[in-house]
$ cat model-v4.cif   # mmCIF, C-alpha atoms and all ligand atoms
data_target
#
loop_
_atom_site.group_PDB
_atom_site.id
_atom_site.type_symbol
_atom_site.label_atom_id
_atom_site.label_comp_id
_atom_site.auth_asym_id
_atom_site.auth_seq_id
_atom_site.Cartn_x
_atom_site.Cartn_y
_atom_site.Cartn_z
ATOM 1 C CA MET A 1 -0.797 11.425 -6.057
ATOM 2 C CA ARG A 2 -3.178 14.062 -7.242
ATOM 3 C CA GLY A 3 -4.819 16.711 -5.107
ATOM 4 C CA GLY A 4 -5.280 16.755 -1.329
ATOM 5 C CA HIS A 5 -2.318 17.090 0.977
ATOM 6 C CA LYS A 6 -0.334 14.857 3.330
ATOM 7 C CA ASN A 7 -0.809 14.791 7.106
ATOM 8 C CA ASN A 8 2.113 14.466 9.548
ATOM 9 C CA ILE A 9 2.399 10.707 9.113
ATOM 10 C CA GLY A 10 2.319 10.914 5.339
ATOM 11 C CA GLU A 11 -1.312 9.912 4.800
ATOM 12 C CA LYS A 12 -2.992 11.696 1.956
ATOM 13 C CA VAL A 13 -5.970 13.652 3.215
ATOM 14 C CA ILE A 14 -8.751 15.461 1.425
ATOM 15 C CA PHE A 15 -10.727 18.454 2.590
ATOM 16 C CA SER A 16 -9.088 20.669 5.152
ATOM 17 C CA GLY A 17 -9.354 21.666 8.789
ATOM 18 C CA LYS A 18 -11.459 19.408 10.964
ATOM 19 C CA PHE A 19 -12.805 17.387 7.980
ATOM 20 C CA SER A 20 -9.335 16.043 7.013
ATOM 21 C CA MET A 21 -9.423 12.286 6.583
ATOM 22 C CA PRO A 22 -7.559 9.502 4.785
ATOM 23 C CA PRO A 23 -8.893 8.363 1.353
ATOM 24 C CA SER A 24 -10.367 5.106 2.705
ATOM 25 C CA LEU A 25 -12.710 7.015 5.034
ATOM 26 C CA SER A 26 -13.450 9.646 2.399
ATOM 27 C CA ALA A 27 -14.402 6.852 -0.021
ATOM 28 C CA LEU A 28 -16.792 5.326 2.536
ATOM 29 C CA LEU A 29 -18.370 8.690 3.273
ATOM 30 C CA ILE A 30 -18.772 9.431 -0.456
ATOM 31 C CA GLN A 31 -20.502 6.078 -0.984
ATOM 32 C CA ILE A 32 -22.929 6.804 1.868
ATOM 33 C CA VAL A 33 -23.684 10.269 0.459
ATOM 34 C CA ALA A 34 -24.275 8.750 -3.012
ATOM 35 C CA LEU A 35 -26.631 6.155 -1.490
ATOM 36 C CA LEU A 36 -28.638 8.836 0.338
ATOM 37 C CA ILE A 37 -28.913 11.011 -2.792
ATOM 38 C CA SER A 38 -30.055 7.995 -4.842
ATOM 39 C CA LEU A 39 -32.658 7.025 -2.235
ATOM 40 C CA PHE A 40 -33.907 10.617 -2.094
ATOM 41 C CA PHE A 41 -34.197 10.636 -5.897
ATOM 42 C CA PHE A 42 -36.046 7.287 -5.762
ATOM 43 C CA GLN A 43 -38.563 8.677 -3.255
ATOM 44 C CA MET A 44 -39.059 11.915 -5.202
ATOM 45 C CA VAL A 45 -39.767 10.081 -8.476
ATOM 46 C CA LYS A 46 -42.200 7.820 -6.612
ATOM 47 C CA LEU A 47 -43.993 10.712 -4.938
ATOM 48 C CA VAL A 48 -44.045 13.200 -7.798
ATOM 49 C CA LEU A 49 -44.317 10.978 -10.864
ATOM 50 C CA ASP A 50 -45.794 7.911 -9.161
ATOM 51 C CA LYS A 51 -43.143 5.773 -10.826
ATOM 52 C CA ILE A 52 -40.671 3.254 -9.411
ATOM 53 C CA ILE A 53 -37.076 3.533 -10.595
ATOM 54 C CA PRO A 54 -35.869 -0.002 -11.460
ATOM 55 C CA ILE A 55 -33.200 -1.235 -9.020
ATOM 56 C CA PRO A 56 -30.431 -1.656 -11.689
ATOM 57 C CA LEU A 57 -30.942 1.980 -12.713
ATOM 58 C CA LEU A 58 -30.842 3.068 -9.067
ATOM 59 C CA ILE A 59 -27.568 1.200 -8.517
ATOM 60 C CA PHE A 60 -26.106 2.738 -11.664
ATOM 61 C CA LEU A 61 -27.173 6.170 -10.377
ATOM 62 C CA GLN A 62 -25.487 5.583 -7.007
ATOM 63 C CA ALA A 63 -22.299 4.300 -8.696
ATOM 64 C CA SER A 64 -22.164 7.318 -11.024
ATOM 65 C CA ILE A 65 -22.790 9.837 -8.224
ATOM 66 C CA ALA A 66 -20.097 8.229 -6.025
ATOM 67 C CA SER A 67 -17.603 8.229 -8.868
ATOM 68 C CA LEU A 68 -18.328 11.871 -9.758
ATOM 69 C CA VAL A 69 -17.998 12.989 -6.132
ATOM 70 C CA ALA A 70 -14.640 11.132 -5.957
ATOM 71 C CA VAL A 71 -13.496 13.117 -9.010
ATOM 72 C CA PHE A 72 -14.762 16.326 -7.434
ATOM 73 C CA CYS A 73 -12.941 15.556 -4.153
ATOM 74 C CA ARG A 74 -9.750 14.937 -6.168
ATOM 75 C CA LEU A 75 -9.242 11.400 -4.964
ATOM 76 C CA ASP A 76 -6.737 9.390 -7.028
ATOM 77 C CA TRP A 77 -8.119 7.981 -10.262
ATOM 78 C CA TRP A 78 -8.305 4.390 -9.014
ATOM 79 C CA TRP A 79 -10.830 5.561 -6.375
ATOM 80 C CA TRP A 80 -13.090 6.805 -9.191
ATOM 81 C CA LEU A 81 -13.214 3.242 -10.536
ATOM 82 C CA ILE A 82 -13.560 1.677 -7.088
ATOM 83 C CA GLN A 83 -16.418 4.047 -6.256
ATOM 84 C CA PHE A 84 -18.185 3.177 -9.505
ATOM 85 C CA PHE A 85 -17.795 -0.607 -9.374
ATOM 86 C CA PHE A 86 -18.213 -1.107 -5.611
ATOM 87 C CA PRO A 87 -22.056 -0.814 -5.402
ATOM 88 C CA ILE A 88 -22.446 -2.738 -8.670
ATOM 89 C CA ALA A 89 -20.232 -5.529 -7.323
ATOM 90 C CA ILE A 90 -22.223 -5.713 -4.085
ATOM 91 C CA VAL A 91 -25.524 -6.121 -5.947
ATOM 92 C CA ALA A 92 -23.995 -8.627 -8.389
ATOM 93 C CA LEU A 93 -22.723 -10.731 -5.459
ATOM 94 C CA LEU A 94 -26.113 -10.551 -3.735
ATOM 95 C CA VAL A 95 -27.779 -11.732 -6.933
ATOM 96 C CA ALA A 96 -25.208 -14.536 -7.302
ATOM 97 C CA ALA A 97 -26.221 -15.603 -3.751
ATOM 98 C CA PHE A 98 -22.988 -17.297 -2.767
ATOM 99 C CA PRO A 99 -23.225 -19.197 0.536
ATOM 100 C CA PRO A 100 -22.302 -16.898 3.489
ATOM 101 C CA PRO A 101 -19.134 -18.865 4.476
ATOM 102 C CA TYR A 102 -17.559 -17.831 1.145
ATOM 103 C CA TYR A 103 -17.764 -14.199 2.228
ATOM 104 C CA LEU A 104 -16.251 -14.993 5.601
ATOM 105 C CA ILE A 105 -13.355 -16.860 3.940
ATOM 106 C CA ALA A 106 -12.785 -13.997 1.474
ATOM 107 C CA PHE A 107 -12.939 -11.474 4.314
ATOM 108 C CA ILE A 108 -10.401 -13.378 6.449
ATOM 109 C CA PHE A 109 -8.070 -13.899 3.464
ATOM 110 C CA LEU A 110 -8.148 -10.221 2.435
ATOM 111 C CA THR A 111 -7.740 -9.046 6.039
ATOM 112 C CA LEU A 112 -4.667 -11.235 6.577
ATOM 113 C CA LEU A 113 -3.223 -10.132 3.215
ATOM 114 C CA PHE A 114 -3.815 -6.390 3.438
ATOM 115 C CA TRP A 115 -4.134 -5.960 7.234
ATOM 116 C CA SER A 116 -3.837 -2.206 7.931
ATOM 117 C CA THR A 117 -3.556 -0.940 4.338
ATOM 118 C CA PHE A 118 -6.426 1.490 5.018
ATOM 119 C CA ARG A 119 -4.061 3.205 7.507
ATOM 120 C CA THR A 120 -0.602 2.684 5.967
ATOM 121 C CA GLN A 121 -1.782 3.195 2.343
ATOM 122 C CA VAL A 122 0.765 0.544 1.321
ATOM 123 C CA PRO A 123 -0.812 -2.635 -0.138
ATOM 124 C CA TYR A 124 1.216 -5.702 -1.121
ATOM 125 C CA TYR A 125 2.661 -5.820 -4.624
ATOM 126 C CA PRO A 126 6.016 -7.411 -5.442
ATOM 127 C CA SER A 127 9.084 -5.658 -6.780
ATOM 128 C CA LYS A 128 10.426 -6.782 -10.174
ATOM 129 C CA ALA A 129 13.183 -9.391 -10.339
ATOM 130 C CA SER A 130 15.261 -7.022 -12.496
ATOM 131 C CA LEU A 131 15.920 -5.003 -9.335
ATOM 132 C CA LEU A 132 18.082 -7.669 -7.685
ATOM 133 C CA PRO A 133 21.563 -7.020 -9.165
ATOM 134 C CA PHE A 134 21.208 -3.267 -8.620
ATOM 135 C CA VAL A 135 20.380 -3.653 -4.929
ATOM 136 C CA ALA A 136 23.069 -6.319 -4.463
ATOM 137 C CA ALA A 137 25.629 -3.947 -6.005
ATOM 138 C CA GLN A 138 24.887 -1.393 -3.256
ATOM 139 C CA LEU A 139 25.895 -3.803 -0.486
ATOM 140 C CA PRO A 140 29.550 -3.508 0.489
ATOM 141 C CA ILE A 141 31.418 -6.784 1.108
ATOM 142 C CA ASN A 142 31.057 -8.571 4.458
ATOM 143 C CA SER A 143 28.227 -8.773 6.977
ATOM 144 C CA HIS A 144 26.414 -5.562 6.240
ATOM 145 C CA ARG A 145 23.041 -5.311 7.915
ATOM 146 C CA PHE A 146 20.240 -4.918 5.391
ATOM 147 C CA ILE A 147 16.526 -4.571 6.084
ATOM 148 C CA ASP A 148 13.593 -4.709 3.681
ATOM 149 C CA VAL A 149 10.938 -2.460 5.214
ATOM 150 C CA GLY A 150 7.631 -4.065 4.203
ATOM 151 C CA SER A 151 9.182 -7.347 3.099
ATOM 152 C CA GLY A 152 5.964 -8.803 1.616
ATOM 153 C CA LEU A 153 6.404 -12.423 0.493
ATOM 154 C CA GLY A 154 10.162 -12.133 1.057
ATOM 155 C CA GLY A 155 11.114 -12.685 -2.590
ATOM 156 C CA LEU A 156 13.739 -9.942 -2.706
ATOM 157 C CA LEU A 157 15.306 -10.904 0.631
ATOM 158 C CA ILE A 158 15.545 -14.595 -0.195
ATOM 159 C CA LYS A 159 17.235 -13.895 -3.532
ATOM 160 C CA LEU A 160 19.613 -11.385 -1.941
ATOM 161 C CA ALA A 161 20.500 -13.782 0.871
ATOM 162 C CA THR A 162 21.296 -16.478 -1.697
ATOM 163 C CA LEU A 163 23.386 -14.057 -3.742
ATOM 164 C CA ARG A 164 25.198 -12.394 -0.834
ATOM 165 C CA PRO A 165 25.789 -14.852 2.026
ATOM 166 C CA ASP A 166 28.359 -12.406 3.472
ATOM 167 C CA CYS A 167 25.579 -9.970 4.516
ATOM 168 C CA HIS A 168 22.965 -10.114 7.276
ATOM 169 C CA PHE A 169 19.379 -9.790 6.024
ATOM 170 C CA GLU A 170 16.220 -8.833 7.886
ATOM 171 C CA GLY A 171 12.663 -8.121 6.833
ATOM 172 C CA VAL A 172 9.777 -6.469 8.644
ATOM 173 C CA GLU A 173 6.189 -6.938 7.486
ATOM 174 C CA ILE A 174 2.966 -5.660 9.042
ATOM 175 C CA ALA A 175 0.515 -8.082 7.349
ATOM 176 C CA PRO A 176 0.327 -11.628 8.794
ATOM 177 C CA LEU A 177 -0.286 -13.609 5.593
ATOM 178 C CA PRO A 178 2.653 -12.272 3.511
ATOM 179 C CA TRP A 179 4.876 -12.584 6.592
ATOM 180 C CA LEU A 180 3.866 -16.240 7.144
ATOM 181 C CA ILE A 181 4.437 -17.068 3.465
ATOM 182 C CA SER A 182 7.860 -15.351 3.560
ATOM 183 C CA CYS A 183 8.873 -17.460 6.599
ATOM 184 C CA LEU A 184 7.851 -20.667 4.806
ATOM 185 C CA LYS A 185 9.658 -19.609 1.614
ATOM 186 C CA ALA A 186 12.843 -18.758 3.554
ATOM 187 C CA ARG A 187 12.742 -22.142 5.276
ATOM 188 C CA LEU A 188 12.249 -23.973 1.971
ATOM 189 C CA ALA A 189 15.076 -21.967 0.363
ATOM 190 C CA ARG A 190 17.289 -22.775 3.413
ATOM 191 C CA VAL A 191 18.400 -19.191 3.853
ATOM 192 C CA SER A 192 18.900 -17.543 7.205
ATOM 193 C CA ILE A 193 16.874 -14.314 7.333
ATOM 194 C CA ASN A 194 15.321 -12.624 10.332
ATOM 195 C CA LEU A 195 11.684 -11.958 9.380
ATOM 196 C CA MET A 196 9.685 -9.878 11.857
ATOM 197 C CA LEU A 197 5.920 -9.395 12.017
ATOM 198 C CA ARG A 198 5.426 -5.794 13.115
ATOM 199 C CA ASP A 199 5.139 -2.167 12.065
ATOM 200 C CA TYR A 200 8.515 -0.888 10.876
ATOM 201 C CA ALA A 201 7.882 2.259 12.971
ATOM 202 C CA ARG A 202 8.703 0.120 16.023
ATOM 203 C CA LEU A 203 12.229 -0.724 14.808
ATOM 204 C CA ASN A 204 15.368 1.314 15.330
ATOM 205 C CA PHE A 205 16.976 2.033 11.944
ATOM 206 C CA ALA A 206 20.293 2.814 13.702
ATOM 207 C CA TYR A 207 21.018 -0.922 13.629
ATOM 208 C CA TYR A 208 21.110 -1.130 9.822
ATOM 209 C CA ASP A 209 23.660 -0.216 7.170
ATOM 210 C CA VAL A 210 21.122 -0.365 4.346
ATOM 211 C CA VAL A 211 17.374 0.258 4.662
ATOM 212 C CA PHE A 212 15.418 -0.771 1.551
ATOM 213 C CA ALA A 213 11.770 0.186 1.068
ATOM 214 C CA TYR A 214 9.174 -0.430 -1.588
ATOM 215 C CA LEU A 215 6.163 1.276 -0.036
ATOM 216 C CA SER A 216 3.988 3.990 -1.612
ATOM 217 C CA PRO A 217 4.062 7.760 -2.147
ATOM 218 C CA ALA A 218 1.909 8.232 0.981
ATOM 219 C CA ALA A 219 4.469 6.445 3.183
ATOM 220 C CA MET A 220 7.591 8.299 2.039
ATOM 221 C CA PRO A 221 7.516 11.440 4.232
ATOM 222 C CA ALA A 222 7.212 9.394 7.440
ATOM 223 C CA LEU A 223 9.918 6.977 6.246
ATOM 224 C CA TRP A 224 12.267 9.888 5.608
ATOM 225 C CA GLU A 225 11.614 11.425 9.044
ATOM 226 C CA LYS A 226 12.461 8.101 10.682
ATOM 227 C CA ALA A 227 15.555 7.564 8.539
ATOM 228 C CA LYS A 228 16.828 11.070 9.284
ATOM 229 C CA ALA A 229 16.261 10.638 13.016
ATOM 230 C CA GLU A 230 17.731 7.165 13.419
ATOM 231 C CA MET A 231 20.083 6.083 10.620
ATOM 232 C CA ARG A 232 23.820 6.471 11.145
ATOM 233 C CA ALA A 233 25.897 8.803 8.979
ATOM 234 C CA GLY A 234 27.161 7.077 5.843
ATOM 235 C CA THR A 235 24.409 4.423 5.767
ATOM 236 C CA LEU A 236 22.021 4.033 2.811
ATOM 237 C CA LEU A 237 18.291 4.478 2.388
ATOM 238 C CA ILE A 238 17.087 2.861 -0.835
ATOM 239 C CA SER A 239 13.582 3.306 -2.227
ATOM 240 C CA TYR A 240 12.239 1.420 -5.206
ATOM 241 C CA GLU A 241 9.962 3.508 -7.435
ATOM 242 C CA PHE A 242 8.983 6.197 -4.902
ATOM 243 C CA THR A 243 10.850 9.420 -4.180
ATOM 244 C CA ILE A 244 10.787 11.546 -1.044
ATOM 245 C CA PRO A 245 9.038 14.877 -1.695
ATOM 246 C CA GLY A 246 11.556 17.720 -1.504
ATOM 247 C CA VAL A 247 14.567 15.470 -0.851
ATOM 248 C CA PRO A 248 16.538 14.794 -4.054
ATOM 249 C CA PRO A 249 18.257 11.379 -4.008
ATOM 250 C CA ASP A 250 22.055 11.094 -4.213
ATOM 251 C CA LEU A 251 21.720 8.423 -6.880
ATOM 252 C CA CYS A 252 18.998 7.291 -9.327
ATOM 253 C CA ILE A 253 19.448 3.888 -10.950
ATOM 254 C CA ASN A 254 17.456 2.630 -13.893
ATOM 255 C CA SER A 255 16.599 -0.928 -12.859
ATOM 256 C CA GLY A 256 15.645 -2.170 -16.322
ATOM 257 C CA GLU A 257 13.442 -1.504 -19.309
ATOM 258 C CA ASN A 258 9.928 -0.500 -18.181
ATOM 259 C CA ALA A 259 10.996 -1.046 -14.574
ATOM 260 C CA PRO A 260 10.859 1.576 -11.823
ATOM 261 C CA TYR A 261 13.933 3.538 -10.738
ATOM 262 C CA LEU A 262 15.898 2.831 -7.619
ATOM 263 C CA TYR A 263 16.524 5.971 -5.522
ATOM 264 C CA ILE A 264 19.391 6.116 -3.057
ATOM 265 C CA TRP A 265 20.066 8.584 -0.262
ATOM 266 C CA ARG A 266 23.323 8.523 1.686
ATOM 267 C CA ILE A 267 22.547 9.705 5.203
HETATM 268 C C1 LIG B 1 4.843 -2.955 -2.181
HETATM 269 S S1 LIG B 1 4.996 -4.256 -1.014
HETATM 270 C C2 LIG B 1 6.749 -4.610 -1.186
HETATM 271 C C3 LIG B 1 7.094 -6.056 -0.940
HETATM 272 C C4 LIG B 1 8.581 -6.392 -1.002
HETATM 273 N N1 LIG B 1 9.414 -5.442 -0.309
HETATM 274 C C5 LIG B 1 9.075 -6.525 -2.418
HETATM 275 O O1 LIG B 1 9.947 -5.783 -2.794
HETATM 276 O O2 LIG B 1 8.538 -7.360 -3.153
HETATM 277 C C6 LIG B 1 4.908 -3.309 0.509
HETATM 278 C C7 LIG B 1 4.705 -4.151 1.765
HETATM 279 O O3 LIG B 1 4.895 -3.296 2.912
HETATM 280 C C8 LIG B 1 4.021 -3.734 3.944
HETATM 281 N N2 LIG B 1 3.873 -2.617 4.885
HETATM 282 C C9 LIG B 1 3.143 -1.488 4.705
HETATM 283 N N3 LIG B 1 3.266 -0.674 5.767
HETATM 284 C C10 LIG B 1 4.091 -1.294 6.643
HETATM 285 C C11 LIG B 1 4.593 -0.947 7.940
HETATM 286 N N4 LIG B 1 4.251 0.202 8.520
HETATM 287 N N5 LIG B 1 5.436 -1.814 8.558
HETATM 288 C C12 LIG B 1 5.781 -2.993 7.955
HETATM 289 N N6 LIG B 1 5.314 -3.382 6.727
HETATM 290 C C13 LIG B 1 4.495 -2.538 6.080
HETATM 291 C C14 LIG B 1 2.743 -4.127 3.201
HETATM 292 O O4 LIG B 1 1.961 -5.011 3.969
HETATM 293 C C15 LIG B 1 3.325 -4.762 1.919
HETATM 294 O O5 LIG B 1 3.447 -6.158 2.053
#

$ encode --input "model-v4.cif" --output "structure tokens" --more "lines below"
Ligand SMILES: C[S@@+](CC[C@H](N)C(=O)[O-])C[C@H]1O[C@@H](n2cnc3c(N)ncnc32)[C@H](O)[C@@H]1O
Amino acid sequence: MRGGHKNNIGEKVIFSGKFSMPPSLSALLIQIVALLISLFFFQMVKLVLDKIIPIPLLIFLQASIASLVAVFCRLDWWWWLIQFFFPIAIVALLVAAFPPPYYLIAFIFLTLLFWSTFRTQVPYYPSKASLLPFVAAQLPINSHRFIDVGSGLGGLLIKLATLRPDCHFEGVEIAPLPWLISCLKARLARVSINLMLRDYARLNFAYYDVVFAYLSPAAMPALWEKAKAEMRAGTLLISYEFTIPGVPPDLCINSGENAPYLYIWRI
């Protein structure tokens, strides 16, 4: 993550003091500011030059201003693109004039899929299959309790449960749609996994021998605080791809060509 700093629950914030806010809110504010500047410019050109700026040009102006302000505020690079294409996409969809129910369906689908991503800063994306043998190798023989924090569609858990029937597997997922799909997949695969729909912050990590997480850089400080406070001595915290700032892992494992590393901390 570039720029900004992290607040006490690991959210990246920009600005400082009382204006600190997560990127989702900053992005919204930036878009509103860009809209107001564009409208002001529109009015000035109309008043002073007696000319009307064509709407496509006005939209392009708003998109460019929003994107530039995102750069200036040191938001991550993907926000620059989002800020640029967001107003253009809105106008394109209005022009396409899809029937309103389509928007409602899309809204419900995206809400159930991403749920509270604006707060957690952890969207759904699956881990690579190449990870499986490396995680399985970390599980000692016989009924060790493993949890996938943010279990998504349950792919990793189902494969692990098939590979290691001697262990006890659990998953916790905050978003309803991935959780529902993971339950259906587990039933179809006939594996016994405990899949919970809730925020992992509400679980007690003391119950687990291995806590696996594939979250995001923003989530790592809070995950580490929880692991430190609750996990028993000798148990393992495993993170795929993301490190904990200032806490070097005990082990780094290359999980395949062009695949992210697996980082392991022994508590
Ligand atoms: C990158 S995906 C990883 C999916 C899965 N573990 C895998 O390896 O394929 C991260 C998941 O964590 C979920 N998540 C984010 N914050 C969470 C929280 N506080 N509690 C539970 N799940 C969370 C997201 O909804 C998302 O599905």

$ resolve_selection --input "model-v4.cif" --expression "the PyMOL selection byres (((chain A and resi 144) around 9) and not hetatm)" --output "list in words"
Leu139, Pro140, Ile141, Asn142, Ser143, Arg145, Phe146, Asp166, Cys167, His168, Phe169, Tyr208, Asp209 and Val210 of chain A

$ closest_residue --input "model-v4.cif" --among "A:Leu75, A:Leu131, A:Ile193, A:Ala96" --to "ligand LIG 1 (chain B)" --atoms "all atoms listed in the file"
A:Leu131

$ resolve_selection --input "model-v4.cif" --expression "the PyMOL selection byres (((not hetatm)) within 6 of (chain B and resi 1))" --output "list in words"
Phe114, Thr120, Val122, Pro123, Tyr124, Tyr125, Pro126, Ser127, Asp148, Val149, Gly150, Ser151, Gly152, Gly155, Leu156, Val172, Glu173, Ile174, Ala175, Arg198, Asp199, Tyr200, Tyr214 and Leu215 of chain A

$ closest_residue --input "model-v4.cif" --among "A:Ala186, A:Met220, A:Ile32, A:Val91" --to "A:Gly246" --atoms "all atoms listed in the file"
A:Met220

$ residues_around --input "model-v4.cif" --residues "A:Lys51" --least-positions-apart "6" --cutoff "12 Å" --atoms "all atoms listed in the file" --output "list of chain:residue names"
A:Phe41, A:Phe42, A:Gln43, A:Met44, A:Val45

$ atom_distance --input "model-v4.cif" --atom1 "atom CA of A:Val247" --atom2 "atom CA of A:Ala229"
14.8 Å

$ residues_around --input "model-v4.cif" --residues "A:Leu58" --least-positions-apart "4" --cutoff "12 Å" --atoms "all atoms listed in the file" --output "list in words"
Ala34, Leu35, Leu36, Ile37, Ser38, Leu39, Phe40, Phe41, Phe42, Gln43, Val45, Ile52, Ile53, Pro54, Gln62, Ala63, Ser64, Ile65, Pro87, Ile88 and Val91 of chain A

$ write_last_selection --input "model-v4.cif" --atoms "C-alpha atoms" --output "PDB file, in the coordinates of the input"
ATOM      1  CA  ALA A  34     -24.275   8.750  -3.012  1.00  0.00           C
ATOM      2  CA  LEU A  35     -26.631   6.155  -1.490  1.00  0.00           C
ATOM      3  CA  LEU A  36     -28.638   8.836   0.338  1.00  0.00           C
ATOM      4  CA  ILE A  37     -28.913  11.011  -2.792  1.00  0.00           C
ATOM      5  CA  SER A  38     -30.055   7.995  -4.842  1.00  0.00           C
ATOM      6  CA  LEU A  39     -32.658   7.025  -2.235  1.00  0.00           C
ATOM      7  CA  PHE A  40     -33.907  10.617  -2.094  1.00  0.00           C
ATOM      8  CA  PHE A  41     -34.197  10.636  -5.897  1.00  0.00           C
ATOM      9  CA  PHE A  42     -36.046   7.287  -5.762  1.00  0.00           C
ATOM     10  CA  GLN A  43     -38.563   8.677  -3.255  1.00  0.00           C
ATOM     11  CA  VAL A  45     -39.767  10.081  -8.476  1.00  0.00           C
ATOM     12  CA  ILE A  52     -40.671   3.254  -9.411  1.00  0.00           C
ATOM     13  CA  ILE A  53     -37.076   3.533 -10.595  1.00  0.00           C
ATOM     14  CA  PRO A  54     -35.869  -0.002 -11.460  1.00  0.00           C
ATOM     15  CA  GLN A  62     -25.487   5.583  -7.007  1.00  0.00           C
ATOM     16  CA  ALA A  63     -22.299   4.300  -8.696  1.00  0.00           C
ATOM     17  CA  SER A  64     -22.164   7.318 -11.024  1.00  0.00           C
ATOM     18  CA  ILE A  65     -22.790   9.837  -8.224  1.00  0.00           C
ATOM     19  CA  PRO A  87     -22.056  -0.814  -5.402  1.00  0.00           C
ATOM     20  CA  ILE A  88     -22.446  -2.738  -8.670  1.00  0.00           C
ATOM     21  CA  VAL A  91     -25.524  -6.121  -5.947  1.00  0.00           C
TER      22      VAL A  91
END

$ build_atoms --input "model-v4.cif" --residues "stretch 48-66 of chain A" --atoms "N, CA and C atoms" --output "PDB file, in the frame of the given file"
ATOM      1  N   VAL A  48     -43.628  12.189  -6.812  1.00  0.00           N
ATOM      2  CA  VAL A  48     -44.045  13.200  -7.798  1.00  0.00           C
ATOM      3  C   VAL A  48     -44.602  12.564  -9.063  1.00  0.00           C
ATOM      4  N   LEU A  49     -43.907  11.560  -9.576  1.00  0.00           N
ATOM      5  CA  LEU A  49     -44.317  10.978 -10.864  1.00  0.00           C
ATOM      6  C   LEU A  49     -45.090   9.667 -10.707  1.00  0.00           C
ATOM      7  N   ASP A  50     -45.142   9.196  -9.455  1.00  0.00           N
ATOM      8  CA  ASP A  50     -45.794   7.911  -9.161  1.00  0.00           C
ATOM      9  C   ASP A  50     -45.175   6.764  -9.979  1.00  0.00           C
ATOM     10  N   LYS A  51     -43.848   6.824 -10.088  1.00  0.00           N
ATOM     11  CA  LYS A  51     -43.143   5.773 -10.826  1.00  0.00           C
ATOM     12  C   LYS A  51     -42.049   5.180  -9.933  1.00  0.00           C
ATOM     13  N   ILE A  52     -41.724   3.925 -10.180  1.00  0.00           N
ATOM     14  CA  ILE A  52     -40.671   3.254  -9.411  1.00  0.00           C
ATOM     15  C   ILE A  52     -39.428   3.141 -10.301  1.00  0.00           C
ATOM     16  N   ILE A  53     -38.324   3.683  -9.816  1.00  0.00           N
ATOM     17  CA  ILE A  53     -37.076   3.533 -10.595  1.00  0.00           C
ATOM     18  C   ILE A  53     -36.612   2.080 -10.456  1.00  0.00           C
ATOM     19  N   PRO A  54     -36.348   1.384 -11.569  1.00  0.00           N
ATOM     20  CA  PRO A  54     -35.869  -0.002 -11.460  1.00  0.00           C
ATOM     21  C   PRO A  54     -34.545  -0.051 -10.672  1.00  0.00           C
ATOM     22  N   ILE A  55     -34.382  -1.117  -9.905  1.00  0.00           N
ATOM     23  CA  ILE A  55     -33.200  -1.235  -9.020  1.00  0.00           C
ATOM     24  C   ILE A  55     -31.874  -1.122  -9.800  1.00  0.00           C
ATOM     25  N   PRO A  56     -31.721  -1.798 -10.988  1.00  0.00           N
ATOM     26  CA  PRO A  56     -30.431  -1.656 -11.689  1.00  0.00           C
ATOM     27  C   PRO A  56     -30.119  -0.201 -12.023  1.00  0.00           C
ATOM     28  N   LEU A  57     -31.155   0.566 -12.378  1.00  0.00           N
ATOM     29  CA  LEU A  57     -30.942   1.980 -12.713  1.00  0.00           C
ATOM     30  C   LEU A  57     -30.528   2.767 -11.457  1.00  0.00           C
ATOM     31  N   LEU A  58     -31.161   2.397 -10.340  1.00  0.00           N
ATOM     32  CA  LEU A  58     -30.842   3.068  -9.067  1.00  0.00           C
ATOM     33  C   LEU A  58     -29.381   2.800  -8.667  1.00  0.00           C
ATOM     34  N   ILE A  59     -28.950   1.564  -8.867  1.00  0.00           N
ATOM     35  CA  ILE A  59     -27.568   1.200  -8.517  1.00  0.00           C
ATOM     36  C   ILE A  59     -26.595   1.959  -9.429  1.00  0.00           C
ATOM     37  N   PHE A  60     -26.957   2.017 -10.715  1.00  0.00           N
ATOM     38  CA  PHE A  60     -26.106   2.738 -11.664  1.00  0.00           C
ATOM     39  C   PHE A  60     -26.012   4.215 -11.269  1.00  0.00           C
ATOM     40  N   LEU A  61     -27.137   4.757 -10.799  1.00  0.00           N
ATOM     41  CA  LEU A  61     -27.173   6.170 -10.377  1.00  0.00           C
ATOM     42  C   LEU A  61     -26.227   6.365  -9.175  1.00  0.00           C
ATOM     43  N   GLN A  62     -26.343   5.461  -8.194  1.00  0.00           N
ATOM     44  CA  GLN A  62     -25.487   5.583  -7.007  1.00  0.00           C
ATOM     45  C   GLN A  62     -24.006   5.489  -7.408  1.00  0.00           C
ATOM     46  N   ALA A  63     -23.691   4.504  -8.272  1.00  0.00           N
ATOM     47  CA  ALA A  63     -22.299   4.300  -8.696  1.00  0.00           C
ATOM     48  C   ALA A  63     -21.766   5.552  -9.398  1.00  0.00           C
ATOM     49  N   SER A  64     -22.604   6.139 -10.267  1.00  0.00           N
ATOM     50  CA  SER A  64     -22.164   7.318 -11.024  1.00  0.00           C
ATOM     51  C   SER A  64     -21.965   8.517 -10.098  1.00  0.00           C
ATOM     52  N   ILE A  65     -22.919   8.700  -9.158  1.00  0.00           N
ATOM     53  CA  ILE A  65     -22.790   9.837  -8.224  1.00  0.00           C
ATOM     54  C   ILE A  65     -21.511   9.676  -7.395  1.00  0.00           C
ATOM     55  N   ALA A  66     -21.280   8.465  -6.870  1.00  0.00           N
ATOM     56  CA  ALA A  66     -20.097   8.229  -6.025  1.00  0.00           C
ATOM     57  C   ALA A  66     -18.817   8.502  -6.802  1.00  0.00           C
TER      58      ALA A  66
END
